[in-house]
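Below: the structure, in structure tokens.
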Amino acid sequence: MTSVKKKQLSVLVMNTYAFTACFAVWVMFSIIGIPIKELLSLSETQFGLLVATPILTGSLARLPVGMLTDKFGGRVVYFVLMCTTVLPLWLISEATQFWHFLILGLFIGLAGASFSVGISYTAKWFSREKQGFAMGIFGAGNAGAALTKFVAPSIVVAYGWTAVPKVYAVFMFVTVIAFWMFTYTDPSHQVDSKVTFKDQLKVLKDKNIWRYCQYYSIVFGGFVALSLWMTKFYINEYGFDIQTAALLATIFVLPSGVIRALGGWFSDKYGAYKVTWWVMWTSWVCLFLLSYPQTDLTIYTADGGTTSFHIGLNVWLFTALLFIVGIAWGFGKASVFKFLSDEYPENLGVVSGIVGLAGGLGGFLLPVMFGFFIDIFKVNTAIFMILYGATCVSLIWMHWSFARVRNAQQAKLQLIKQTETPSAEKPLKEKTSAELEKEY
């Protein structure tokens, strides 16, 4: 009989592998969308819609899929979800019209909902003090976006873009079989059968959920949006070919996915609040610099002549700043879910579905906004201006909302000092931010 420890390890490994495969499929249009754009003569806005369409269904499906995971267990839900993507993947190679790609993109987008299944399925196999690290390892499956950046351009150059969805369909089929063979079910991880879907959705009344949704729409939604857009950005802004552009984009995508495990460990050790706070400030500084467009400035001098200056980031400084943003968001993706596992351990599937939906919607809306603003203003760095504005909102919201938590904690400690002195025999129970806010 397989031990619990071996089951934990097997589930963690297979969940991470399956999520990597699903994420690679989810962002596939970031590469094949470039030759499709040329083939169909699409505008920037249409390109944004093309690459973002799979993100839409992957986002909307996260909440119902998370609820189903709590009710029926992660193994069966994950398996069925991956099965639904195999045929649509293969059919993409036969598509010829813009609407064909949009419809099929909606189906393959279901792969993105795998996050809500896997994060809950993973967390419930581990104790609370180890959940942050375990979920961080699972979340490293975001590196599937980097896998697409490595593999898909080479396939496009060697065999044409139509070969990519066929290769991915076979890859997904193999993943489905391997996942079913090496994962396990524990009935104790499911909610009571008497709990209805309406009961599960009561968590939406908790205002803290919406705060975490906003954070995640930046650290995950922004990550997805840039993963979809950066290959094209490097081609348009710096003139690289598709393979070089995809390789440079990987410098952002790969570390951001892999570092998530370390972000989970830091969140376990130092707390989700501290990690998220520094993530937002780091993003704010870097996005401000990335937002500045390439500018030629001409100054008329006192003697009637002119002096010209060029202001802008060269490709290496740009990539370095983008790398830092990717690292910060990798930590942020882990810290947000550490908040959730601490405060909502009993219905993590539903809560992760809600927050994951918000993050995924950010990943859908942002590329469409990118394309729209570039079509209007003709400035490629407009994409970073949008992200900078969203980060400002997060910092302000986080400051004011957690100020209430700190005030609640101080009021609680003051009350204790006035009534009794805590002894070693009577330690204070650590409370979540939600509990402190309610008490305050």
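Every chain in the structure tokens takes a letter, A first, then B, and so on in the order presented; its residues are numbered from 1, and the ligands are numbered from 1 following the presented order.
Residues lying within 10 Å of segment 230-247 of chain A, counting only C-alpha atoms and ignoring same-chain neighbours fewer than 6 positions away, are Ser30, Ile31, Gly33, Ile34, Pro35, Ala146, Thr148, Lys149, Phe150, Val151, Ala152, Pro153, Ser154, Val156, Val157, Val253, Pro293, Gln294, Asn314, Val315, Thr319, Leu322, Val379, Asn380, Thr381 and Ile383 of chain A.
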Write out as a ChimeraX atom specification which residues come within 9 Å of segment 58-75 of chain A when counting only C-alpha atoms, dropping same-chain ones fewer than 6 positions away. /A:26,81,106-118,120-122,179-180,183-187,189-193,195-197,200-201,346-364
Residues near segment 260-269 of chain A, cut-off 12 Å, only C-alpha atoms, skip fewer than 5 positions along chain, as a PyMOL selection string: chain A and resi 16+123+127-143+219-220+253-255+274-279+326-342
Phe309 of chain A: which residues within 8 Å, counting only C-alpha atoms, same-chain residues fewer than 3 positions away excluded, as a ChimeraX atom specification? /A:296-298
Could you take the residues named above and write them with N, CA, C and O atoms, as a short mmCIF file (atom, residue, chain, number, x, y, z; two decimals), in the first residue's frame?
```cif
data_model
loop_
_atom_site.label_atom_id
_atom_site.label_comp_id
_atom_site.auth_asym_id
_atom_site.auth_seq_id
_atom_site.Cartn_x
_atom_site.Cartn_y
_atom_site.Cartn_z
N ASP A 296 12.81 61.05 -29.03
CA ASP A 296 13.85 61.94 -29.55
C ASP A 296 13.45 63.36 -29.17
O ASP A 296 12.40 63.86 -29.58
N LEU A 297 14.30 64.02 -28.39
CA LEU A 297 14.01 65.35 -27.87
C LEU A 297 14.93 66.38 -28.51
O LEU A 297 16.17 66.23 -28.48
N THR A 298 14.35 67.40 -29.12
CA THR A 298 15.12 68.47 -29.74
C THR A 298 14.94 69.76 -28.95
O THR A 298 13.82 70.19 -28.71
#
```
Step one, run DSSP on the backbone; step two, keep only residues of segment 235-426 of chain A assigned to helix (DSSP H, G or I); then write them as a PyMOL selection string. chain A and resi 235-238+242-258+260-270+272-290+315-343+348-377+382-419
At a cut-off of 7 Å, using only C-alpha atoms, what residues contact Val27 of chain A? Leave out same-chain residues fewer than 3 positions from it and give the result as a compact mmCIF listing (two decimals) with N, CA and C atoms, in the first residue's frame.
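Listed below is the output, result.txt:
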```
# COMPACT_ATOMS: atom_id res chain seq x y z
N PHE A 23 -0.81 25.16 -19.08
CA PHE A 23 -0.44 26.56 -19.25
C PHE A 23 0.23 26.78 -20.61
N ALA A 24 1.01 25.81 -21.05
CA ALA A 24 1.64 25.90 -22.38
C ALA A 24 0.57 25.98 -23.46
N SER A 30 0.11 33.04 -28.31
CA SER A 30 1.11 34.09 -28.22
C SER A 30 2.19 33.91 -29.28
N ALA A 145 4.31 28.62 -19.91
CA ALA A 145 4.38 29.72 -20.88
C ALA A 145 5.78 29.80 -21.49
N LEU A 228 1.61 36.76 -23.28
CA LEU A 228 0.99 36.73 -24.60
C LEU A 228 1.55 37.80 -25.53
```
Members of segment 80-324 of chain A assigned strand (DSSP E) by DSSP, as number ranges by chain: A: 295-300, 306-311
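Between atom CA of Ile177 of chain A and atom CA of Ala95 of chain A the interatomic distance comes to 27.0 Å.
Across the structure, atom CA of His100 of chain A and atom CA of Ser227 of chain A are spaced 22.9 Å apart.
Near Val164 of chain A, within 8 Å and counting only C-alpha atoms, sit Ile32, Ser93, Ala152, Ile155, Val156, Gly160 and Tyr168 of chain A; same-chain residues fewer than 4 positions away were not included.
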Take the residues from that selection and write them out as a tab-separated table (two decimals), in the first residue's frame, keeping C-alpha atoms.
```
chain	number	residue	atom	x	y	z
A	32	ILE	CA	1.12	31.00	-33.54
A	93	SER	CA	-4.52	23.33	-37.49
A	152	ALA	CA	6.61	26.68	-30.51
A	155	ILE	CA	8.20	24.24	-34.72
A	156	VAL	CA	6.81	27.26	-36.60
A	160	GLY	CA	4.86	25.91	-40.12
A	168	TYR	CA	0.33	20.08	-28.39
```
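The residue that comes closest to Ala178 of chain A, out of A:Phe79, A:Phe252, A:Phe98, A:Trp161 and on the basis of only C-alpha atoms, is A:Phe79.
Shortest separation to Val13 of chain A among A:Phe323, A:Tyr216, A:Trp229, A:Phe182 occurs at residue A:Phe182, atoms counted being only C-alpha atoms.
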Excluding same-chain residues fewer than 4 positions from Leu91 of chain A, what lies within 12 Å of it counting only C-alpha atoms, as a PyMOL selection string? chain A and resi 85-87+95-96+100-101+103-105+107-108+162-169
Have a look at A:Gly222, A:Lys37, A:Ala21, A:Thr45 and name the one nearest to Asp375 of chain A; count only C-alpha atoms. A:Thr45
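In this structure, atom CA of Ala225 of chain A sits 7.9 Å away from atom CA of Ala52 of chain A.
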